[in-house]
$ cat input.pdb   # PDB, C-alpha atoms, pLDDT in the B column
MODEL        1
ATOM      1  CA  MET A   1       4.124 -13.971  20.322  1.00 58.00           C
ATOM      2  CA  LEU A   2       3.095 -17.528  20.742  1.00 71.00           C
ATOM      3  CA  ILE A   3       5.582 -20.178  21.745  1.00 84.00           C
ATOM      4  CA  THR A   4       4.761 -22.892  19.268  1.00 88.00           C
ATOM      5  CA  GLN A   5       5.594 -26.568  19.264  1.00 93.00           C
ATOM      6  CA  LYS A   6       8.206 -25.768  16.628  1.00 94.00           C
ATOM      7  CA  HIS A   7       9.900 -23.355  19.058  1.00 94.00           C
ATOM      8  CA  ARG A   8       9.828 -26.003  21.800  1.00 96.00           C
ATOM      9  CA  TYR A   9      11.319 -28.636  19.509  1.00 97.00           C
ATOM     10  CA  ALA A  10      14.048 -26.256  18.320  1.00 97.00           C
ATOM     11  CA  ILE A  11      15.007 -25.372  21.902  1.00 97.00           C
ATOM     12  CA  ARG A  12      15.046 -29.045  22.900  1.00 97.00           C
ATOM     13  CA  ALA A  13      17.185 -29.971  19.882  1.00 97.00           C
ATOM     14  CA  ILE A  14      19.791 -27.306  20.722  1.00 97.00           C
ATOM     15  CA  TYR A  15      19.619 -28.349  24.369  1.00 97.00           C
ATOM     16  CA  GLU A  16      20.316 -31.975  23.441  1.00 96.00           C
ATOM     17  CA  LEU A  17      23.336 -30.994  21.354  1.00 96.00           C
ATOM     18  CA  ALA A  18      24.628 -28.932  24.286  1.00 96.00           C
ATOM     19  CA  ARG A  19      24.232 -31.895  26.636  1.00 93.00           C
ATOM     20  CA  ARG A  20      26.669 -33.793  24.425  1.00 90.00           C
ATOM     21  CA  PRO A  21      29.765 -31.585  24.448  1.00 80.00           C
ATOM     22  CA  GLY A  22      32.620 -32.354  22.116  1.00 77.00           C
ATOM     23  CA  THR A  23      33.120 -32.357  18.416  1.00 69.00           C
ATOM     24  CA  ARG A  24      31.362 -35.638  17.567  1.00 89.00           C
ATOM     25  CA  PRO A  25      28.292 -34.973  15.452  1.00 95.00           C
ATOM     26  CA  VAL A  26      24.989 -36.177  16.904  1.00 95.00           C
ATOM     27  CA  LYS A  27      22.627 -38.068  14.638  1.00 95.00           C
ATOM     28  CA  LEU A  28      19.158 -36.684  14.087  1.00 95.00           C
ATOM     29  CA  ALA A  29      17.598 -39.926  15.327  1.00 95.00           C
ATOM     30  CA  ALA A  30      19.536 -39.666  18.611  1.00 95.00           C
ATOM     31  CA  ILE A  31      18.294 -36.111  19.169  1.00 96.00           C
ATOM     32  CA  ALA A  32      14.736 -37.153  18.335  1.00 97.00           C
ATOM     33  CA  GLU A  33      14.813 -40.108  20.703  1.00 96.00           C
ATOM     34  CA  ALA A  34      16.467 -38.288  23.608  1.00 95.00           C
ATOM     35  CA  GLN A  35      14.062 -35.335  23.443  1.00 96.00           C
ATOM     36  CA  ALA A  36      10.886 -37.139  22.277  1.00 96.00           C
ATOM     37  CA  ILE A  37      10.706 -35.078  19.085  1.00 97.00           C
ATOM     38  CA  PRO A  38       9.165 -36.616  15.963  1.00 96.00           C
ATOM     39  CA  LEU A  39      11.959 -37.162  13.453  1.00 96.00           C
ATOM     40  CA  ARG A  40       9.962 -35.582  10.632  1.00 95.00           C
ATOM     41  CA  PHE A  41       9.804 -32.299  12.587  1.00 93.00           C
ATOM     42  CA  LEU A  42      13.539 -32.328  13.246  1.00 95.00           C
ATOM     43  CA  GLU A  43      14.184 -32.850   9.554  1.00 94.00           C
ATOM     44  CA  VAL A  44      12.501 -29.473   8.965  1.00 93.00           C
ATOM     45  CA  ILE A  45      13.767 -27.611  12.038  1.00 94.00           C
ATOM     46  CA  MET A  46      17.471 -28.503  11.898  1.00 95.00           C
ATOM     47  CA  PRO A  47      18.175 -26.907   8.491  1.00 93.00           C
ATOM     48  CA  GLU A  48      16.472 -23.737   9.764  1.00 92.00           C
ATOM     49  CA  LEU A  49      18.661 -23.769  12.874  1.00 94.00           C
ATOM     50  CA  LYS A  50      21.699 -24.409  10.696  1.00 94.00           C
ATOM     51  CA  SER A  51      20.926 -21.245   8.723  1.00 91.00           C
ATOM     52  CA  THR A  52      21.097 -19.255  11.994  1.00 91.00           C
ATOM     53  CA  GLY A  53      24.716 -20.276  12.557  1.00 92.00           C
ATOM     54  CA  LEU A  54      23.922 -21.997  15.862  1.00 94.00           C
ATOM     55  CA  ILE A  55      24.612 -25.477  14.549  1.00 95.00           C
ATOM     56  CA  ALA A  56      26.549 -27.149  11.764  1.00 94.00           C
ATOM     57  CA  SER A  57      26.062 -30.476  10.061  1.00 93.00           C
ATOM     58  CA  LYS A  58      28.327 -33.142   8.688  1.00 90.00           C
ATOM     59  CA  ARG A  59      27.251 -35.682   6.091  1.00 89.00           C
ATOM     60  CA  GLY A  60      28.057 -39.346   5.985  1.00 88.00           C
ATOM     61  CA  CYS A  61      28.038 -42.310   8.335  1.00 87.00           C
ATOM     62  CA  ALA A  62      29.938 -40.322  10.989  1.00 85.00           C
ATOM     63  CA  GLY A  63      27.769 -37.295  10.318  1.00 89.00           C
ATOM     64  CA  GLY A  64      25.194 -35.445  12.336  1.00 94.00           C
ATOM     65  CA  TYR A  65      24.833 -32.079  14.019  1.00 95.00           C
ATOM     66  CA  VAL A  66      27.087 -30.096  16.361  1.00 94.00           C
ATOM     67  CA  LEU A  67      26.764 -26.782  18.159  1.00 95.00           C
ATOM     68  CA  VAL A  68      28.800 -23.976  16.650  1.00 94.00           C
ATOM     69  CA  LYS A  69      28.435 -21.627  19.601  1.00 93.00           C
ATOM     70  CA  PRO A  70      29.062 -22.569  23.222  1.00 95.00           C
ATOM     71  CA  PRO A  71      25.848 -23.169  25.226  1.00 96.00           C
ATOM     72  CA  ASP A  72      26.550 -20.212  27.519  1.00 96.00           C
ATOM     73  CA  ARG A  73      26.383 -17.938  24.462  1.00 96.00           C
ATOM     74  CA  ILE A  74      23.051 -19.206  23.151  1.00 97.00           C
ATOM     75  CA  PRO A  75      20.126 -17.335  24.684  1.00 97.00           C
ATOM     76  CA  ILE A  76      16.756 -19.015  24.228  1.00 97.00           C
ATOM     77  CA  ALA A  77      15.538 -15.909  22.381  1.00 95.00           C
ATOM     78  CA  GLU A  78      18.160 -16.478  19.662  1.00 95.00           C
ATOM     79  CA  ILE A  79      16.678 -19.905  18.940  1.00 95.00           C
ATOM     80  CA  ILE A  80      13.136 -18.528  18.858  1.00 93.00           C
ATOM     81  CA  ARG A  81      14.173 -15.658  16.588  1.00 90.00           C
ATOM     82  CA  GLY A  82      15.945 -18.131  14.310  1.00 90.00           C
ATOM     83  CA  VAL A  83      12.774 -20.167  13.926  1.00 88.00           C
ATOM     84  CA  ASP A  84      10.670 -17.020  13.509  1.00 83.00           C
ATOM     85  CA  ARG A  85      12.919 -15.666  10.756  1.00 77.00           C
ATOM     86  CA  GLN A  86      11.053 -18.025   8.462  1.00 57.00           C
ATOM     87  CA  ARG A  87       7.758 -16.329   9.347  1.00 58.00           C
ATOM     88  CA  LYS A  88       6.575 -12.909   8.276  1.00 52.00           C
ATOM     89  CA  LEU A  89       8.029 -10.184  10.506  1.00 50.00           C
ATOM     90  CA  ASP A  90       4.976  -7.933  10.340  1.00 51.00           C
ATOM     91  CA  ARG A  91       2.901 -10.529  12.138  1.00 56.00           C
ATOM     92  CA  CYS A  92       0.510  -9.195  14.702  1.00 61.00           C
ATOM     93  CA  ASN A  93       0.745 -10.802  18.113  1.00 61.00           C
ATOM     94  CA  ALA A  94      -3.031 -11.243  18.268  1.00 60.00           C
ATOM     95  CA  CYS A  95      -3.835 -12.046  14.608  1.00 62.00           C
ATOM     96  CA  LEU A  96      -2.203 -14.015  11.830  1.00 55.00           C
ATOM     97  CA  THR A  97      -0.996 -10.867  10.076  1.00 58.00           C
ATOM     98  CA  ARG A  98      -1.460  -7.190  10.759  1.00 58.00           C
ATOM     99  CA  GLU A  99      -3.043  -6.720   7.321  1.00 61.00           C
ATOM    100  CA  GLN A 100      -5.661  -9.426   7.939  1.00 66.00           C
ATOM    101  CA  CYS A 101      -6.634  -7.989  11.311  1.00 69.00           C
ATOM    102  CA  PRO A 102     -10.187  -6.645  11.180  1.00 72.00           C
ATOM    103  CA  LEU A 103      -9.025  -3.738  13.359  1.00 70.00           C
ATOM    104  CA  HIS A 104      -5.814  -3.008  11.421  1.00 66.00           C
ATOM    105  CA  GLY A 105      -4.640   0.485  12.228  1.00 68.00           C
ATOM    106  CA  GLU A 106      -7.294   0.953  14.893  1.00 73.00           C
ATOM    107  CA  CYS A 107      -6.493  -1.872  17.291  1.00 76.00           C
ATOM    108  CA  ALA A 108      -6.325  -0.713  20.891  1.00 79.00           C
ATOM    109  CA  PHE A 109      -4.715  -4.006  21.856  1.00 78.00           C
ATOM    110  CA  MET A 110      -1.724  -4.040  19.503  1.00 77.00           C
ATOM    111  CA  PRO A 111       0.482  -1.942  21.829  1.00 81.00           C
ATOM    112  CA  LEU A 112      -0.401  -4.319  24.663  1.00 84.00           C
ATOM    113  CA  TRP A 113       0.571  -7.422  22.668  1.00 79.00           C
ATOM    114  CA  ASP A 114       3.745  -5.742  21.468  1.00 81.00           C
ATOM    115  CA  ARG A 115       4.719  -4.954  25.096  1.00 88.00           C
ATOM    116  CA  VAL A 116       3.973  -8.539  26.131  1.00 87.00           C
ATOM    117  CA  GLN A 117       6.122  -9.865  23.289  1.00 84.00           C
ATOM    118  CA  SER A 118       8.946  -7.527  24.264  1.00 88.00           C
ATOM    119  CA  ALA A 119       8.758  -8.700  27.884  1.00 92.00           C
ATOM    120  CA  ILE A 120       8.797 -12.355  26.828  1.00 90.00           C
ATOM    121  CA  TYR A 121      11.839 -11.815  24.623  1.00 91.00           C
ATOM    122  CA  ASN A 122      13.531  -9.967  27.481  1.00 94.00           C
ATOM    123  CA  VAL A 123      13.167 -13.073  29.670  1.00 95.00           C
ATOM    124  CA  PHE A 124      14.315 -15.401  26.893  1.00 96.00           C
ATOM    125  CA  ASP A 125      17.313 -13.145  26.184  1.00 96.00           C
ATOM    126  CA  GLN A 126      18.484 -13.644  29.785  1.00 97.00           C
ATOM    127  CA  ILE A 127      18.312 -17.464  29.824  1.00 97.00           C
ATOM    128  CA  THR A 128      20.910 -19.488  27.955  1.00 98.00           C
ATOM    129  CA  ILE A 129      21.023 -23.131  27.014  1.00 97.00           C
ATOM    130  CA  GLN A 130      23.830 -23.472  29.566  1.00 96.00           C
ATOM    131  CA  ASP A 131      21.477 -22.158  32.261  1.00 97.00           C
ATOM    132  CA  LEU A 132      19.057 -24.979  31.446  1.00 96.00           C
ATOM    133  CA  ILE A 133      21.831 -27.573  31.603  1.00 94.00           C
ATOM    134  CA  THR A 134      23.126 -26.175  34.899  1.00 93.00           C
ATOM    135  CA  ASP A 135      19.609 -26.169  36.366  1.00 92.00           C
ATOM    136  CA  GLU A 136      19.087 -29.781  35.300  1.00 88.00           C
ATOM    137  CA  LYS A 137      22.372 -30.851  36.873  1.00 85.00           C
ATOM    138  CA  ARG A 138      21.525 -29.053  40.121  1.00 86.00           C
ATOM    139  CA  LYS A 139      18.101 -30.647  40.194  1.00 85.00           C
ATOM    140  CA  ARG A 140      19.615 -34.103  39.777  1.00 80.00           C
ATOM    141  CA  GLY A 141      22.479 -33.419  42.172  1.00 79.00           C
ATOM    142  CA  LEU A 142      25.041 -34.227  39.513  1.00 64.00           C
ATOM    143  CA  ASP A 143      28.592 -32.966  39.513  1.00 57.00           C
ATOM    144  CA  ILE A 144      29.276 -33.249  35.801  1.00 52.00           C
ATOM    145  CA  PRO A 145      31.648 -30.830  34.039  1.00 54.00           C
ATOM    146  CA  ILE A 146      29.766 -28.072  32.251  1.00 51.00           C
ATOM    147  CA  ALA A 147      30.603 -27.256  28.640  1.00 52.00           C
ATOM    148  CA  LYS A 148      32.381 -23.909  28.313  1.00 50.00           C
ATOM    149  CA  GLY A 149      33.151 -22.093  25.148  1.00 46.00           C
TER
ENDMDL
END
$ encode --input "input.pdb" --output "structure tokens"
Amino acid sequence: MLITQKHRYAIRAIYELARRPGTRPVKLAAIAEAQAIPLRFLEVIMPELKSTGLIASKRGCAGGYVLVKPPDRIPIAEIIRGVDRQRKLDRCNACLTREQCPLHGECAFMPLWDRVQSAIYNVFDQITIQDLITDEKRKRGLDIPIAKG
């Protein structure tokens, strides 16, 4: 499993929404600016994240995006899996697809890559968006109320 730029942008977008607790929708441009994400990428990523049920959108001049789940209930792995749902599930961790692998069915490395992917997901399953926010606040020495859900 590779952590792509798309994964990073998706995590940062959810993180930015979590940093702005409340019910006011956040504009795409505000997310892009705060997290240094190109707007054109967010325009693709946010509908994918919306289909996961992590976020919701509201149209209009007061529109934007909001978190549906509380940040302490959003493991990083859920965001990555949401982005990956759009990709083929039979993807090999070393090749583009298992079928296009020149060693398909005889690859001695596939079990290794599968174990690595499992270990990575295990780590990402244990870290929530709230953990990232809490770590940032600790690092900055801030005593700001933490969003609970």
$ resolve_selection --input "input.pdb" --expression "the PyMOL selection byres ((chain A and resi 78) around 12)" --output "PyMOL selection string"
chain A and resi 7+10-11+14+49+52-54+69+71+73-77+79-85+121-129
$ atom_distance --input "input.pdb" --atom1 "atom CA of Pro38 of chain A" --atom2 "atom CA of Arg8 of chain A"
12.1 Å
$ closest_residue --input "input.pdb" --among "A:Asp114, A:Leu42, A:Leu17, A:Glu33" --to "Val68 of chain A" --atoms "only C-alpha atoms"
A:Leu17
$ residues_near_point --input "input.pdb" --point "(22.5, -25.3, 31.3)" --cutoff "10 Å" --atoms "only C-alpha atoms" --output "PyMOL selection string"
chain A and resi 15+18-19+71-72+127-138+146-147
$ atom_distance --input "input.pdb" --atom1 "atom CA of Phe41 of chain A" --atom2 "atom CA of Lys6 of chain A"
7.8 Å
$ closest_residue --input "input.pdb" --among "A:Lys139, A:Lys50, A:Arg12, A:Arg115" --to "Gln35 of chain A" --atoms "only C-alpha atoms"
A:Arg12
$ atom_distance --input "input.pdb" --atom1 "atom CA of Ile120 of chain A" --atom2 "atom CA of Ile37 of chain A"
24.1 Å
$ residues_around --input "input.pdb" --residues "Leu28 of chain A" --least-positions-apart "6" --cutoff "9 Å" --atoms "only C-alpha atoms" --output "PDB file with C-alpha atoms, in the coordinates of the input"
ATOM      1  CA  LEU A  39      11.959 -37.162  13.453  1.00 96.00           C
ATOM      2  CA  LEU A  42      13.539 -32.328  13.246  1.00 95.00           C
ATOM      3  CA  GLU A  43      14.184 -32.850   9.554  1.00 94.00           C
ATOM      4  CA  MET A  46      17.471 -28.503  11.898  1.00 95.00           C
ATOM      5  CA  GLY A  64      25.194 -35.445  12.336  1.00 94.00           C
ATOM      6  CA  TYR A  65      24.833 -32.079  14.019  1.00 95.00           C
TER       7      TYR A  65
END
$ closest_residue --input "input.pdb" --among "A:Pro102, A:Pro47, A:Pro25, A:Pro111" --to "Gly63 of chain A" --atoms "only C-alpha atoms"
A:Pro25
$ build_atoms --input "input.pdb" --residues "segment 35-51 of chain A" --atoms "N, CA, C and O atoms" --output "PDB file, keeping the file's coordinate frame"
ATOM      1  N   GLN A  35      14.941 -36.455  23.101  1.00 96.00           N
ATOM      2  CA  GLN A  35      14.062 -35.335  23.443  1.00 96.00           C
ATOM      3  C   GLN A  35      12.598 -35.567  23.051  1.00 96.00           C
ATOM      4  O   GLN A  35      11.790 -34.641  23.132  1.00 96.00           O
ATOM      5  N   ALA A  36      12.268 -36.787  22.649  1.00 96.00           N
ATOM      6  CA  ALA A  36      10.886 -37.139  22.277  1.00 96.00           C
ATOM      7  C   ALA A  36      10.319 -36.165  21.236  1.00 96.00           C
ATOM      8  O   ALA A  36       9.228 -35.624  21.378  1.00 96.00           O
ATOM      9  N   ILE A  37      11.106 -35.951  20.188  1.00 97.00           N
ATOM     10  CA  ILE A  37      10.706 -35.078  19.085  1.00 97.00           C
ATOM     11  C   ILE A  37      10.491 -35.958  17.860  1.00 97.00           C
ATOM     12  O   ILE A  37      11.378 -36.743  17.509  1.00 97.00           O
ATOM     13  N   PRO A  38       9.356 -35.835  17.188  1.00 96.00           N
ATOM     14  CA  PRO A  38       9.165 -36.616  15.963  1.00 96.00           C
ATOM     15  C   PRO A  38      10.269 -36.286  14.944  1.00 96.00           C
ATOM     16  O   PRO A  38      10.570 -35.121  14.698  1.00 96.00           O
ATOM     17  N   LEU A  39      10.849 -37.321  14.394  1.00 96.00           N
ATOM     18  CA  LEU A  39      11.959 -37.162  13.453  1.00 96.00           C
ATOM     19  C   LEU A  39      11.581 -36.265  12.281  1.00 96.00           C
ATOM     20  O   LEU A  39      12.382 -35.433  11.847  1.00 96.00           O
ATOM     21  N   ARG A  40      10.364 -36.391  11.791  1.00 95.00           N
ATOM     22  CA  ARG A  40       9.962 -35.582  10.632  1.00 95.00           C
ATOM     23  C   ARG A  40       9.986 -34.086  10.947  1.00 95.00           C
ATOM     24  O   ARG A  40      10.241 -33.271  10.072  1.00 95.00           O
ATOM     25  N   PHE A  41       9.727 -33.716  12.202  1.00 93.00           N
ATOM     26  CA  PHE A  41       9.804 -32.299  12.587  1.00 93.00           C
ATOM     27  C   PHE A  41      11.261 -31.848  12.646  1.00 93.00           C
ATOM     28  O   PHE A  41      11.588 -30.744  12.224  1.00 93.00           O
ATOM     29  N   LEU A  42      12.116 -32.689  13.181  1.00 95.00           N
ATOM     30  CA  LEU A  42      13.539 -32.328  13.246  1.00 95.00           C
ATOM     31  C   LEU A  42      14.135 -32.154  11.860  1.00 95.00           C
ATOM     32  O   LEU A  42      15.001 -31.308  11.660  1.00 95.00           O
ATOM     33  N   GLU A  43      13.678 -32.955  10.925  1.00 94.00           N
ATOM     34  CA  GLU A  43      14.184 -32.850   9.554  1.00 94.00           C
ATOM     35  C   GLU A  43      13.884 -31.484   8.947  1.00 94.00           C
ATOM     36  O   GLU A  43      14.595 -31.028   8.054  1.00 94.00           O
ATOM     37  N   VAL A  44      12.851 -30.817   9.428  1.00 93.00           N
ATOM     38  CA  VAL A  44      12.501 -29.473   8.965  1.00 93.00           C
ATOM     39  C   VAL A  44      13.213 -28.413   9.805  1.00 93.00           C
ATOM     40  O   VAL A  44      13.733 -27.429   9.279  1.00 93.00           O
ATOM     41  N   ILE A  45      13.245 -28.616  11.107  1.00 94.00           N
ATOM     42  CA  ILE A  45      13.767 -27.611  12.038  1.00 94.00           C
ATOM     43  C   ILE A  45      15.288 -27.470  11.950  1.00 94.00           C
ATOM     44  O   ILE A  45      15.815 -26.352  11.979  1.00 94.00           O
ATOM     45  N   MET A  46      16.007 -28.568  11.844  1.00 95.00           N
ATOM     46  CA  MET A  46      17.471 -28.503  11.898  1.00 95.00           C
ATOM     47  C   MET A  46      18.077 -27.678  10.760  1.00 95.00           C
ATOM     48  O   MET A  46      18.999 -26.887  11.019  1.00 95.00           O
ATOM     49  N   PRO A  47      17.618 -27.797   9.522  1.00 93.00           N
ATOM     50  CA  PRO A  47      18.175 -26.907   8.491  1.00 93.00           C
ATOM     51  C   PRO A  47      17.904 -25.421   8.789  1.00 93.00           C
ATOM     52  O   PRO A  47      18.745 -24.573   8.501  1.00 93.00           O
ATOM     53  N   GLU A  48      16.757 -25.119   9.387  1.00 92.00           N
ATOM     54  CA  GLU A  48      16.472 -23.737   9.764  1.00 92.00           C
ATOM     55  C   GLU A  48      17.449 -23.269  10.835  1.00 92.00           C
ATOM     56  O   GLU A  48      17.961 -22.156  10.776  1.00 92.00           O
ATOM     57  N   LEU A  49      17.705 -24.123  11.824  1.00 94.00           N
ATOM     58  CA  LEU A  49      18.661 -23.769  12.874  1.00 94.00           C
ATOM     59  C   LEU A  49      20.073 -23.653  12.307  1.00 94.00           C
ATOM     60  O   LEU A  49      20.852 -22.808  12.730  1.00 94.00           O
ATOM     61  N   LYS A  50      20.378 -24.486  11.338  1.00 94.00           N
ATOM     62  CA  LYS A  50      21.699 -24.409  10.696  1.00 94.00           C
ATOM     63  C   LYS A  50      21.884 -23.054  10.008  1.00 94.00           C
ATOM     64  O   LYS A  50      22.962 -22.458  10.085  1.00 94.00           O
ATOM     65  N   SER A  51      20.823 -22.538   9.411  1.00 91.00           N
ATOM     66  CA  SER A  51      20.926 -21.245   8.723  1.00 91.00           C
ATOM     67  C   SER A  51      21.135 -20.093   9.704  1.00 91.00           C
ATOM     68  O   SER A  51      21.562 -19.017   9.296  1.00 91.00           O
TER      69      SER A  51
END
